[in-house]
Amino acid sequence: MCGRYASTKDPALLAAEFDAVDATEGDAPGPDYNIAPTKNVLAVVERHPRDADGEPDPTVTERSVRVMRWGLVPHWAKDMSGAAKMINARSESVLTKPSYRDSAAKRRCILPADGWYEWQPGEGRKQPFFINPDDGSSLAMAGIWSVWWQPDEELGRKAVITCAVLTTDAVGEMASVHHRMPLLLPASHWGAWLDPDSADPSALLAPDEALVDSLELRPVSMAVNNVRNNSPELMDPISLSPAEMPEPTLFELS
C-alpha cells in the first residue's frame with residue numbers, strides 16, 4: 001500500500017524532469033515530507049489541448065504538472081466523504097472495478113515522489129521505513145485521476161481533481177516490509193502510461209523489478225507517524241539492531 005509519501009521538488013523542477021510544462025498556476029503545494037490522504041499533491045498528466053470552444057485537438061498532446069487532491073472521488077459520487085479510503089487502487093483490478101475503471105482507461109497520471117513510507121509490524125510497534133532512489137531522482141508512481149463537481153455558491157459548480165496511487169505486489173527487498181507497494185514506472189513507460197489515446201494500460205501494470213532493486217530502504221524515526229510532523233529529518237535513517245531489521249517475510253498490515 002502507499003499511505004504516506006514525500007514530494008519536495010517544486011513544479012518547475014518536476015516539469016523539467018518529466019519533460020512537461022508547469023501548469024500549477026501558483027496553486028502548487030510547498031515541499032511536503034509527510035504527505036497524507038486528502039492533501040493536495042503534484043501530478044503529471046498528458047492531454048489534448050482544447051480550443052476556445054472547448055474542443056480537444058487530437059493532433060497535439062501536452063504534458064503538464066498539475067495540482068490534484070489525493071483520494072479519488074468518482075465523478076458519480078454523491079459527496080467526497082469516501083476520498084480518504086480511495087488513496088490506492090489495486091493494479092490487478094483497476095481496469096474492472098467500477099470506482100476506478102473509467103479513470104484507468106481515460107485519465108492516468110504520474111505522481112512524482114522523493115520516496116514513500118511503509119510500516120513493518122514488530123513487537124509492540126510498527127517500524128517505519130523510507131524507500132527512495134539513492135541518486136536524487138523522482139519516483140514515478142502510477143496514478144489515476146477523476147473530476148468531481150462540487151456545488152459552489154458563486155460558480156454554480158467547482159471542479160475538484162482527485163487522484164489515487166496504483167499498488168501492486170511487493171517484489172525484492174520491499175516484500176520484507178509489506179506485501180504491497182506503489183506501482184513504479186520506469187522512464188521508458190511514462191509516455192505509454194500517460195498516452196490519452198490509449199485505453200488499455202494492462203501491459204504496464206506489472207512491477208519493474210530492476211527499478212525496485214535500485215531503491216534504498218532505510219528505517220526512519222517514529223516521528224513520521226504524526227502527520228503534523230513535516231520536516232526533512234523524517235527521511236533521515238536511524239540505527240536498528242540486527243534483531244530489529246526486516247526479515248524476508250510478507251506481512252499484512254491493518
# chains A, B, ... in the order shown; residues from 1 in each chain; ligands from 1
>>> residues_around(residues="range 181-193 of chain A", least_positions_apart="2", cutoff="8 Å", atoms="only C-alpha atoms", output="compact mmCIF listing (two decimals) with C-alpha atoms, in the first residue's frame")
# COMPACT_ATOMS: atom_id res chain seq x y z
CA MET A 1 0.00 0.00 0.00
CA CYS A 2 1.02 3.64 -0.12
CA SER A 91 -3.40 -2.70 -10.26
CA ARG A 108 -3.98 8.23 -15.99
CA CYS A 109 -1.28 10.29 -14.32
CA ILE A 110 2.12 10.08 -12.68
CA LEU A 139 9.92 8.09 -8.34
CA ALA A 140 7.11 7.97 -10.88
CA MET A 141 4.16 6.39 -9.07
CA ALA A 142 1.44 5.28 -11.45
CA VAL A 165 -1.89 5.71 -6.44
CA LEU A 166 -1.84 2.28 -8.04
CA THR A 167 -0.39 -0.53 -5.94
CA THR A 168 1.00 -3.93 -6.86
CA ASP A 169 2.60 -6.96 -5.22
CA ALA A 170 5.83 -6.02 -3.49
CA MET A 174 10.31 -4.31 -0.45
CA HIS A 178 4.93 -5.05 3.32
CA HIS A 179 3.22 -7.26 0.76
CA ASP A 195 -0.98 8.48 -23.56
CA SER A 198 -4.58 4.51 -25.16
CA PRO A 201 -2.63 0.05 -19.99
CA LEU A 204 2.18 -1.62 -17.87
CA LEU A 205 0.66 -2.95 -14.65
CA ALA A 206 3.45 -5.32 -13.54
CA PRO A 207 6.20 -4.11 -11.18
CA ASP A 208 9.60 -3.38 -12.72
CA LEU A 211 13.77 -0.44 -10.82
CA VAL A 212 12.70 -1.73 -7.41
>>> residues_around(residues="Gln120 in chain A", least_positions_apart="5", cutoff="6 Å", atoms="only C-alpha atoms", output="list in words")
Lys126, Gln127 and Val177 of chain A
>>> write_last_selection(atoms="all heavy atoms", output="tab-separated table (two decimals), in the first residue's frame")
chain	number	residue	atom	x	y	z
A	126	LYS	N	5.08	-0.61	15.12
A	126	LYS	CA	5.33	-0.78	13.70
A	126	LYS	C	6.47	0.16	13.32
A	126	LYS	O	6.37	1.37	13.51
A	126	LYS	CB	4.08	-0.46	12.88
A	126	LYS	CG	2.91	-1.41	13.13
A	126	LYS	CD	1.70	-1.00	12.33
A	126	LYS	CE	0.53	-1.94	12.58
A	126	LYS	NZ	-0.68	-1.53	11.82
A	127	GLN	N	7.53	-0.40	12.79
A	127	GLN	CA	8.70	0.39	12.45
A	127	GLN	C	8.54	1.02	11.07
A	127	GLN	O	8.33	0.31	10.08
A	127	GLN	CB	9.96	-0.48	12.47
A	127	GLN	CG	11.21	0.21	11.96
A	127	GLN	CD	11.58	1.42	12.79
A	127	GLN	OE1	11.63	1.36	14.02
A	127	GLN	NE2	11.84	2.54	12.11
A	177	VAL	N	9.05	-5.70	4.10
A	177	VAL	CA	8.36	-4.73	4.95
A	177	VAL	C	6.85	-4.83	4.80
A	177	VAL	O	6.11	-4.75	5.76
A	177	VAL	CB	8.84	-3.30	4.63
A	177	VAL	CG1	8.05	-2.26	5.42
A	177	VAL	CG2	10.33	-3.17	4.92
>>> select_by_dssp(residues="range 137-224 of chain A", states="strand (DSSP E or B)", output="tab-separated table (two decimals) with N, CA, C and O atoms, in the first residue's frame")
chain	number	residue	atom	x	y	z
A	139	LEU	N	10.69	9.28	-7.99
A	139	LEU	CA	9.92	8.09	-8.34
A	139	LEU	C	8.70	8.52	-9.13
A	139	LEU	O	8.10	9.56	-8.86
A	140	ALA	N	8.32	7.71	-10.11
A	140	ALA	CA	7.11	7.97	-10.88
A	140	ALA	C	6.06	6.94	-10.47
A	140	ALA	O	6.04	5.81	-10.98
A	141	MET	N	5.22	7.30	-9.52
A	141	MET	CA	4.16	6.39	-9.07
A	141	MET	C	2.99	6.47	-10.05
A	141	MET	O	2.50	7.56	-10.36
A	142	ALA	N	2.57	5.32	-10.54
A	142	ALA	CA	1.44	5.28	-11.45
A	142	ALA	C	0.18	5.71	-10.72
A	142	ALA	O	-0.10	5.24	-9.61
A	143	GLY	N	-0.59	6.58	-11.34
A	143	GLY	CA	-1.81	7.06	-10.71
A	143	GLY	C	-2.95	7.18	-11.70
A	143	GLY	O	-2.76	7.08	-12.93
A	144	ILE	N	-4.14	7.39	-11.18
A	144	ILE	CA	-5.32	7.70	-11.98
A	144	ILE	C	-5.99	8.90	-11.37
A	144	ILE	O	-5.79	9.22	-10.19
A	145	TRP	N	-6.80	9.60	-12.16
A	145	TRP	CA	-7.45	10.80	-11.64
A	145	TRP	C	-8.89	10.90	-12.11
A	145	TRP	O	-9.31	10.20	-13.03
A	146	SER	N	-9.62	11.77	-11.45
A	146	SER	CA	-11.03	11.94	-11.77
A	146	SER	C	-11.44	13.38	-11.49
A	146	SER	O	-10.78	14.09	-10.72
A	147	VAL	N	-12.52	13.81	-12.11
A	147	VAL	CA	-13.08	15.15	-11.86
A	147	VAL	C	-14.42	14.99	-11.16
A	147	VAL	O	-15.30	14.27	-11.64
A	148	TRP	N	-14.56	15.63	-10.01
A	148	TRP	CA	-15.82	15.64	-9.28
A	148	TRP	C	-16.29	17.08	-9.16
A	148	TRP	O	-15.50	17.98	-8.84
A	149	TRP	N	-17.57	17.30	-9.45
A	149	TRP	CA	-18.09	18.66	-9.48
A	149	TRP	C	-18.74	18.99	-8.14
A	149	TRP	O	-19.74	18.38	-7.74
A	150	GLN	N	-18.15	19.94	-7.45
A	150	GLN	CA	-18.61	20.37	-6.13
A	150	GLN	C	-19.51	21.59	-6.27
A	150	GLN	O	-19.15	22.55	-6.96
A	151	PRO	N	-20.68	21.59	-5.62
A	151	PRO	CA	-21.53	22.78	-5.67
A	151	PRO	C	-20.80	24.00	-5.11
A	151	PRO	O	-20.09	23.90	-4.11
A	152	ASP	N	-20.96	25.13	-5.77
A	152	ASP	CA	-20.28	26.36	-5.36
A	152	ASP	C	-21.25	27.53	-5.47
A	152	ASP	O	-21.89	27.72	-6.51
A	156	GLY	N	-21.52	28.12	-9.20
A	156	GLY	CA	-22.51	27.12	-9.55
A	156	GLY	C	-21.97	25.72	-9.33
A	156	GLY	O	-22.51	24.95	-8.55
A	157	ARG	N	-20.85	25.41	-9.98
A	157	ARG	CA	-20.15	24.15	-9.75
A	157	ARG	C	-18.65	24.40	-9.82
A	157	ARG	O	-18.18	25.23	-10.60
A	158	LYS	N	-17.89	23.69	-8.99
A	158	LYS	CA	-16.44	23.82	-8.96
A	158	LYS	C	-15.82	22.44	-9.19
A	158	LYS	O	-16.18	21.48	-8.52
A	159	ALA	N	-14.89	22.36	-10.13
A	159	ALA	CA	-14.24	21.10	-10.43
A	159	ALA	C	-13.19	20.78	-9.38
A	159	ALA	O	-12.33	21.59	-9.09
A	160	VAL	N	-13.28	19.58	-8.79
A	160	VAL	CA	-12.28	19.09	-7.84
A	160	VAL	C	-11.59	17.91	-8.51
A	160	VAL	O	-12.22	16.91	-8.84
A	161	ILE	N	-10.27	18.05	-8.72
A	161	ILE	CA	-9.50	17.00	-9.38
A	161	ILE	C	-8.88	16.12	-8.30
A	161	ILE	O	-8.12	16.59	-7.46
A	162	THR	N	-9.20	14.84	-8.31
A	162	THR	CA	-8.71	13.92	-7.29
A	162	THR	C	-7.94	12.76	-7.94
A	162	THR	O	-8.09	12.50	-9.14
A	163	CYS	N	-7.14	12.07	-7.14
A	163	CYS	CA	-6.28	11.02	-7.71
A	163	CYS	C	-6.07	9.89	-6.73
A	163	CYS	O	-6.36	10.00	-5.53
A	164	ALA	N	-5.54	8.79	-7.25
A	164	ALA	CA	-5.19	7.62	-6.44
A	164	ALA	C	-3.90	7.03	-6.97
A	164	ALA	O	-3.59	7.14	-8.17
A	165	VAL	N	-3.13	6.40	-6.09
A	165	VAL	CA	-1.89	5.71	-6.44
A	165	VAL	C	-2.19	4.24	-6.70
A	165	VAL	O	-2.88	3.60	-5.90
A	166	LEU	N	-1.69	3.70	-7.79
A	166	LEU	CA	-1.84	2.28	-8.04
A	166	LEU	C	-0.84	1.49	-7.20
A	166	LEU	O	0.29	1.93	-7.01
A	167	THR	N	-1.28	0.35	-6.71
A	167	THR	CA	-0.39	-0.53	-5.94
A	167	THR	C	-0.31	-1.89	-6.62
A	167	THR	O	-1.19	-2.29	-7.39
A	168	THR	N	0.76	-2.61	-6.28
A	168	THR	CA	1.00	-3.93	-6.86
A	168	THR	C	1.67	-4.80	-5.82
A	168	THR	O	2.00	-4.33	-4.72
A	169	ASP	N	1.87	-6.08	-6.13
A	169	ASP	CA	2.60	-6.96	-5.22
A	169	ASP	C	4.02	-6.44	-5.01
A	169	ASP	O	4.70	-6.06	-5.98
A	180	ARG	N	2.51	-5.15	-0.26
A	180	ARG	CA	2.10	-4.28	-1.36
A	180	ARG	C	3.06	-3.10	-1.46
A	180	ARG	O	3.72	-2.73	-0.48
A	181	MET	N	3.11	-2.49	-2.63
A	181	MET	CA	3.95	-1.32	-2.86
A	181	MET	C	3.34	-0.51	-4.00
A	181	MET	O	2.50	-1.01	-4.76
A	182	PRO	N	3.72	0.77	-4.14
A	182	PRO	CA	3.24	1.53	-5.28
A	182	PRO	C	3.73	0.93	-6.60
A	182	PRO	O	4.82	0.35	-6.66
A	184	LEU	N	5.56	1.47	-9.65
A	184	LEU	CA	6.56	2.45	-10.07
A	184	LEU	C	6.84	2.28	-11.55
A	184	LEU	O	7.10	1.17	-12.02
A	215	LEU	N	16.34	0.70	-5.44
A	215	LEU	CA	15.90	1.60	-4.39
A	215	LEU	C	16.57	1.31	-3.06
A	215	LEU	O	16.98	0.19	-2.78
A	216	GLU	N	16.65	2.35	-2.25
A	216	GLU	CA	17.19	2.22	-0.90
A	216	GLU	C	16.04	2.13	0.10
A	216	GLU	O	15.08	2.89	0.02
A	217	LEU	N	16.14	1.20	1.01
A	217	LEU	CA	15.14	1.02	2.06
A	217	LEU	C	15.83	1.25	3.39
A	217	LEU	O	16.77	0.55	3.73
A	218	ARG	N	15.36	2.25	4.15
A	218	ARG	CA	16.04	2.56	5.40
A	218	ARG	C	15.03	2.85	6.51
A	218	ARG	O	14.00	3.48	6.28
A	219	PRO	N	15.33	2.41	7.74
A	219	PRO	CA	14.45	2.72	8.87
A	219	PRO	C	14.54	4.20	9.21
A	219	PRO	O	15.61	4.82	9.11
A	220	VAL	N	13.39	4.76	9.60
A	220	VAL	CA	13.34	6.18	9.97
A	220	VAL	C	12.61	6.34	11.30
A	220	VAL	O	12.03	5.40	11.84
>>> residues_around(residues="Ser137 in chain A", least_positions_apart="5", cutoff="9 Å", atoms="only C-alpha atoms", output="mmCIF file with N, CA, C and O atoms, in the first residue's frame")
data_model
loop_
_atom_site.group_PDB
_atom_site.id
_atom_site.type_symbol
_atom_site.label_atom_id
_atom_site.label_comp_id
_atom_site.auth_asym_id
_atom_site.auth_seq_id
_atom_site.Cartn_x
_atom_site.Cartn_y
_atom_site.Cartn_z
ATOM 1 N N GLU A 17 12.113 17.523 -15.195
ATOM 2 C CA GLU A 17 12.445 16.107 -15.035
ATOM 3 C C GLU A 17 11.538 15.207 -15.866
ATOM 4 O O GLU A 17 11.970 14.180 -16.395
ATOM 5 N N ALA A 113 7.403 11.437 -6.609
ATOM 6 C CA ALA A 113 7.697 11.328 -5.178
ATOM 7 C C ALA A 113 9.189 11.224 -4.956
ATOM 8 O O ALA A 113 9.906 10.601 -5.753
ATOM 9 N N ASP A 114 9.648 11.843 -3.862
ATOM 10 C CA ASP A 114 11.028 11.602 -3.431
ATOM 11 C C ASP A 114 11.162 10.163 -2.948
ATOM 12 O O ASP A 114 12.209 9.534 -3.094
ATOM 13 N N ASN A 132 13.387 5.060 -1.298
ATOM 14 C CA ASN A 132 13.637 6.104 -2.283
ATOM 15 C C ASN A 132 14.828 5.757 -3.171
ATOM 16 O O ASN A 132 15.632 4.881 -2.833
#
>>> closest_residue(among="A:Asn34, A:Asp53, A:Trp70, A:His75", to="Ala89 in chain A", atoms="only C-alpha atoms")
A:Trp70
>>> closest_residue(among="A:Leu111, A:Met86, A:Leu95, A:Leu14", to="Asn40 in chain A", atoms="only C-alpha atoms")
A:Leu111
>>> closest_residue(among="A:Asp102, A:Asp134, A:Asp22, A:Asp27", to="Val44 in chain A", atoms="only C-alpha atoms")
A:Asp22
>>> atom_distance(atom1="CA of Asp236 in chain A", atom2="CA of Leu42 in chain A")
22.9 Å
>>> closest_residue(among="A:Ala52, A:Ala23, A:Val41, A:Val67", to="Arg4 in chain A", atoms="only C-alpha atoms")
A:Val41
>>> residues_around(residues="Asn226 in chain A", least_positions_apart="5", cutoff="12 Å", atoms="only C-alpha atoms", output="number ranges by chain")
A: 4, 33-36, 128, 221, 231, 234
>>> write_last_selection(atoms="N, CA and C atoms", output="PDB file, in the first residue's frame")
ATOM      1  N   ARG A   4       1.575   7.168   2.900  1.00  0.00           N
ATOM      2  CA  ARG A   4       2.338   8.397   3.148  1.00  0.00           C
ATOM      3  C   ARG A   4       3.505   8.442   2.175  1.00  0.00           C
ATOM      4  N   TYR A  33       7.123  16.619   3.368  1.00  0.00           N
ATOM      5  CA  TYR A  33       7.892  15.434   3.751  1.00  0.00           C
ATOM      6  C   TYR A  33       7.000  14.356   4.373  1.00  0.00           C
ATOM      7  N   ASN A  34       5.704  14.625   4.460  1.00  0.00           N
ATOM      8  CA  ASN A  34       4.795  13.689   5.123  1.00  0.00           C
ATOM      9  C   ASN A  34       3.398  13.844   4.530  1.00  0.00           C
ATOM     10  N   ILE A  35       3.286  13.538   3.246  1.00  0.00           N
ATOM     11  CA  ILE A  35       2.006  13.692   2.558  1.00  0.00           C
ATOM     12  C   ILE A  35       1.039  12.619   3.044  1.00  0.00           C
ATOM     13  N   ALA A  36      -0.135  13.060   3.440  1.00  0.00           N
ATOM     14  CA  ALA A  36      -1.183  12.173   3.942  1.00  0.00           C
ATOM     15  C   ALA A  36      -2.412  12.281   3.052  1.00  0.00           C
ATOM     16  N   PRO A 128       8.624   2.353  10.964  1.00  0.00           N
ATOM     17  CA  PRO A 128       8.535   2.974   9.636  1.00  0.00           C
ATOM     18  C   PRO A 128       9.846   2.877   8.864  1.00  0.00           C
ATOM     19  N   SER A 221      12.635   7.556  11.798  1.00  0.00           N
ATOM     20  CA  SER A 221      12.064   7.857  13.109  1.00  0.00           C
ATOM     21  C   SER A 221      10.553   7.627  13.155  1.00  0.00           C
ATOM     22  N   SER A 231       9.167  17.653   8.205  1.00  0.00           N
ATOM     23  CA  SER A 231      10.500  18.238   8.075  1.00  0.00           C
ATOM     24  C   SER A 231      11.417  17.235   7.388  1.00  0.00           C
ATOM     25  N   LEU A 234      12.486  13.663   8.804  1.00  0.00           N
ATOM     26  CA  LEU A 234      11.658  12.456   8.755  1.00  0.00           C
ATOM     27  C   LEU A 234      12.248  11.401   7.829  1.00  0.00           C
TER      28      LEU A 234
END
